[in-house]
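Report on the following structure.
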Amino acid sequence: MKRRQWMQSALSLAVAIPTAFISLTATAQTYPTKPITMVVPFPPGGVADTVGRPVAEAMSRYLKQPIVVENKGGAGGGIGMAQVAKSKGDGYTVLMSLSSLVVLPEADKILQRAPMYQVNQLKPIARFTADPTVLVVRSDSPWKTYAEFMAYAKANPGKISFGSSGNYGTMHVPMEQLKSATATFMLHVPYTGAAPAVMSLLSGQIDAVSTGPASVKQQIASGRLRALAHWGEGRLASLPDVPSLKELGVPIQYSQWSGMFVPADTPAAVVDSLRQAAKFAAQDARAVGALNASGTSFMYQDAADFDRFVQTDAKEMSALVARIGKVD
């Protein structure tokens with residue numbers, strides 16, 4: 001009797017283990033079974049959008065399902081970031097974010113308000129780009145060089161206005177760095193994204209912006225905007241004639257990176273599928289060509305390396321935001 005019960009239990013276990021394995025494998029093999037939404041937390045035309053669209057197109061070919069880009073601007077990107085952070089972790093809502101992702105929760109602390117999200121609510125999939133921001137003015141402005149720009153800023157506190165994608169965003173933070181390093185005061189005008197800020201610069205409503213090369217390369221090439229300096233190290237391949245601030249004696253740097261995230265509770269099998277699709281996109285000739293044409297290029301990091309990068313950047317940005325303090 002005992003032998004029969006033992007044999008029945010063993011048989012049940014033998015059936016259960018393969019069934020569980022098949023179920024897990026099937027989940028990995030069947031994802032995705034419907035379109036995926038890629039939330040870009042800024043209006044069309046900015047860096048996240050410029051990177052996100054060719055990446056989404058390439059990943060959709062790999063995954064054999066459409067990836068639909070949804071622009072959801074506001075609060076310096078915080079509204080769209082919070083939406084994904086609080087979404088269901090099923091792989092059907094992903095985030096294409098910029099480096100402001102790690103800044104905004106720290107800014108909320110400074111402003112003594114409840115954070116819209118926490119960084120640990122999101123899981124990194126891949127980093128795609130990492131560009132220093134570039135200081136640009138209109139070509140008809142009186143400033144032909146950074147030295148002329150800074151001389152005017154020092155002699156005329158508050159007379160130069162600069163636009164950004166929102167308080168503590170990737171266009172605001174580098175300008176606050178510059179103001180602090182040079183003991184100058186310039187007027188900050190926040191917008192909902194890079195594209196509206198650049199349009200306001202072109203129309204003469206503001207005097208300058210600091211943004212990723214992809215947001216302004218075409219306007220620089222057409223002669224409508226002039227690049228004065230950048231926040232990187234050495235010269236940029238896309239703008240070889242533009243000096244870095246470090247070259248000009250201002251010891252500051254800032255990188256505007258873009259990367260993909262999913263809600264933290266997304267299953268490992270789904271994360272792996274997205275990782276493979278992201279890696280495919282970073283090597284895809286069509287996507288590479290689109291990014292190169294826009295003025296940026298892939299600086300790909302897979303999930304593990306990107307996770308470490310994000311953690312390090314979060315610590316550095318926390319210290320930077322604390323130094324900047326509360327801003328209007």
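Each chain in the structure tokens gets a letter, A, B and so on, in the order shown; residues start at 1 in every chain, and ligands are counted from 1 in the order they appear.
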
Return as CSV the residues of stretch 126-179 of chain A lying at most 7 Å from stretch 228-249 of chain A, together with the closest atom-to-atom pair for each and the distance in Å to one decimal, counting only C-alpha atoms, with rows in chain order and ascending residue number.
residue,atom,partner,partner_atom,distance
A:Pro132,CA,A:Gly232,CA,4.8
A:Thr133,CA,A:Trp231,CA,5.6
A:Val134,CA,A:His230,CA,4.2
A:Leu135,CA,A:Ala229,CA,5.4
A:Val136,CA,A:Leu228,CA,5.9
A:Thr145,CA,A:Leu228,CA,5.6
A:Tyr146,CA,A:Leu228,CA,5.1

Spatial neighbours of A:Lys159, max dist 8 Å, only C-alpha atoms, sep filter under 3 positions, as a PDB file with all heavy atoms, in the first residue's frame:
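part00.pdb written:
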ATOM      1  N   ALA A 153      26.930  87.948 -19.436  1.00  0.00           N
ATOM      2  CA  ALA A 153      26.181  87.408 -18.293  1.00  0.00           C
ATOM      3  C   ALA A 153      26.678  88.001 -16.986  1.00  0.00           C
ATOM      4  O   ALA A 153      25.877  88.343 -16.096  1.00  0.00           O
ATOM      5  CB  ALA A 153      26.301  85.893 -18.266  1.00  0.00           C
ATOM      6  N   ASN A 156      25.660  91.737 -16.800  1.00  0.00           N
ATOM      7  CA  ASN A 156      24.226  92.003 -16.860  1.00  0.00           C
ATOM      8  C   ASN A 156      23.436  90.893 -16.160  1.00  0.00           C
ATOM      9  O   ASN A 156      22.767  90.077 -16.808  1.00  0.00           O
ATOM     10  CB  ASN A 156      23.766  92.121 -18.316  1.00  0.00           C
ATOM     11  CG  ASN A 156      24.443  93.247 -19.059  1.00  0.00           C
ATOM     12  OD1 ASN A 156      24.005  94.392 -19.016  1.00  0.00           O
ATOM     13  ND2 ASN A 156      25.536  92.919 -19.749  1.00  0.00           N
ATOM     14  N   MET A 186      21.362  83.913 -14.385  1.00  0.00           N
ATOM     15  CA  MET A 186      20.622  83.924 -15.641  1.00  0.00           C
ATOM     16  C   MET A 186      19.197  83.472 -15.355  1.00  0.00           C
ATOM     17  O   MET A 186      18.964  82.650 -14.476  1.00  0.00           O
ATOM     18  CB  MET A 186      21.298  83.016 -16.678  1.00  0.00           C
ATOM     19  CG  MET A 186      22.626  83.536 -17.176  1.00  0.00           C
ATOM     20  SD  MET A 186      23.483  82.408 -18.318  1.00  0.00           S
ATOM     21  CE  MET A 186      24.549  81.515 -17.174  1.00  0.00           C
ATOM     22  N   LEU A 187      18.257  83.987 -16.098  1.00  0.00           N
ATOM     23  CA  LEU A 187      16.833  83.725 -15.851  1.00  0.00           C
ATOM     24  C   LEU A 187      16.410  82.398 -16.458  1.00  0.00           C
ATOM     25  O   LEU A 187      16.571  82.165 -17.656  1.00  0.00           O
ATOM     26  CB  LEU A 187      15.993  84.860 -16.450  1.00  0.00           C
ATOM     27  CG  LEU A 187      14.474  84.756 -16.264  1.00  0.00           C
ATOM     28  CD1 LEU A 187      14.104  84.850 -14.789  1.00  0.00           C
ATOM     29  CD2 LEU A 187      13.780  85.843 -17.076  1.00  0.00           C
TER      30      LEU A 187
END

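Compared by their closest atoms to A:Met81, and using only C-alpha atoms, the residues A:Ser215, A:Ser97, A:Ser318, A:Ser294 rank with A:Ser97 nearest.
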
Please provide the set of residues having any atom within 6 Å of stretch 256-260 of chain A, restricted to only C-alpha atoms, with same-chain residues fewer than 4 positions apart removed, written as a PyMOL selection string.
chain A and resi 95-99+125-132

Generate a file of the selected residues that holds N, CA and C atoms, formatted as a tab-separated table (two decimals), in the first residue's frame.
chain	number	residue	atom	x	y	z
A	95	LEU	N	9.48	52.39	-20.70
A	95	LEU	CA	9.83	53.81	-20.60
A	95	LEU	C	11.13	54.09	-21.34
A	96	MET	N	11.12	55.12	-22.19
A	96	MET	CA	12.36	55.63	-22.77
A	96	MET	C	12.65	56.94	-22.05
A	97	SER	N	13.61	56.89	-21.13
A	97	SER	CA	13.84	58.02	-20.23
A	97	SER	C	15.18	58.69	-20.51
A	98	LEU	N	15.32	59.89	-19.96
A	98	LEU	CA	16.59	60.60	-19.92
A	98	LEU	C	17.12	60.58	-18.48
A	99	SER	N	18.30	61.16	-18.31
A	99	SER	CA	18.98	61.12	-17.01
A	99	SER	C	18.24	61.89	-15.92
A	125	ILE	N	16.64	48.28	-18.55
A	125	ILE	CA	16.76	47.31	-19.64
A	125	ILE	C	18.03	47.55	-20.44
A	126	ALA	N	18.27	48.80	-20.86
A	126	ALA	CA	19.46	49.11	-21.64
A	126	ALA	C	19.65	50.62	-21.71
A	127	ARG	N	20.91	51.04	-21.75
A	127	ARG	CA	21.22	52.44	-22.07
A	127	ARG	C	21.51	52.50	-23.56
A	128	PHE	N	21.06	53.57	-24.21
A	128	PHE	CA	21.28	53.72	-25.65
A	128	PHE	C	22.26	54.83	-26.00
A	129	THR	N	22.14	55.99	-25.36
A	129	THR	CA	23.04	57.10	-25.68
A	129	THR	C	23.50	57.78	-24.40
A	130	ALA	N	24.57	58.55	-24.50
A	130	ALA	CA	25.09	59.34	-23.38
A	130	ALA	C	25.89	60.50	-23.97
A	131	ASP	N	25.23	61.65	-24.11
A	131	ASP	CA	25.85	62.82	-24.73
A	131	ASP	C	25.95	63.97	-23.75
A	132	PRO	N	27.04	64.73	-23.80
A	132	PRO	CA	27.08	65.97	-23.03
A	132	PRO	C	26.13	66.99	-23.64

Could the residues of stretch 217-295 of chain A that have an atom at most 9 Å from stretch 63-70 of chain A be listed as a tab-separated table, each with its closest atom pair and the distance in Å to one decimal, counting only C-alpha atoms and ordered by chain and ascending residue number?
residue	atom	partner	partner_atom	distance
A:Ser273	CA	A:Leu63	CA	8.0
A:Leu274	CA	A:Leu63	CA	8.3
A:Ala277	CA	A:Leu63	CA	6.6

Could you name the residues that touch A:Lys179 at 12 Å or less, counting only C-alpha atoms, but leaving out those on the same chain fewer than 3 positions away, as a ChimeraX atom specification?
/A:150,153-154,157-158,160-162,172-176,182-188,250,252,323-324

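For the residues A:Pro54, A:Pro251, A:Gly166, A:Gly73, ranking by smallest atom-to-atom distance to A:Ala282 using only C-alpha atoms places A:Pro54 first.
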
Just the residues within 6 Å of A:Arg226, please, counting only C-alpha atoms, with nothing from its chain fewer than 3 positions along; format it as an MDAnalysis selection string.
chainID A and resid 136:139 220

Could those residues be written to a file, using C-alpha atoms, as a short mmCIF file (atom, residue, chain, number, x, y, z; two decimals), in the first residue's frame?
data_model
loop_
_atom_site.label_atom_id
_atom_site.label_comp_id
_atom_site.auth_asym_id
_atom_site.auth_seq_id
_atom_site.Cartn_x
_atom_site.Cartn_y
_atom_site.Cartn_z
CA VAL A 136 23.55 77.14 -28.00
CA VAL A 137 22.36 80.64 -28.89
CA ARG A 138 20.75 82.08 -32.03
CA SER A 139 23.16 82.82 -34.84
CA ILE A 220 23.33 74.44 -36.08
#

Write down as number ranges by chain the residues belonging to stretch 77-289 of chain A that are assigned helix (DSSP H, G or I) by DSSP computed on the backbone.
A: 77-85, 99-102, 104-110, 119-121, 146-155, 172-182, 194-202, 213-221, 268-283, 285-289
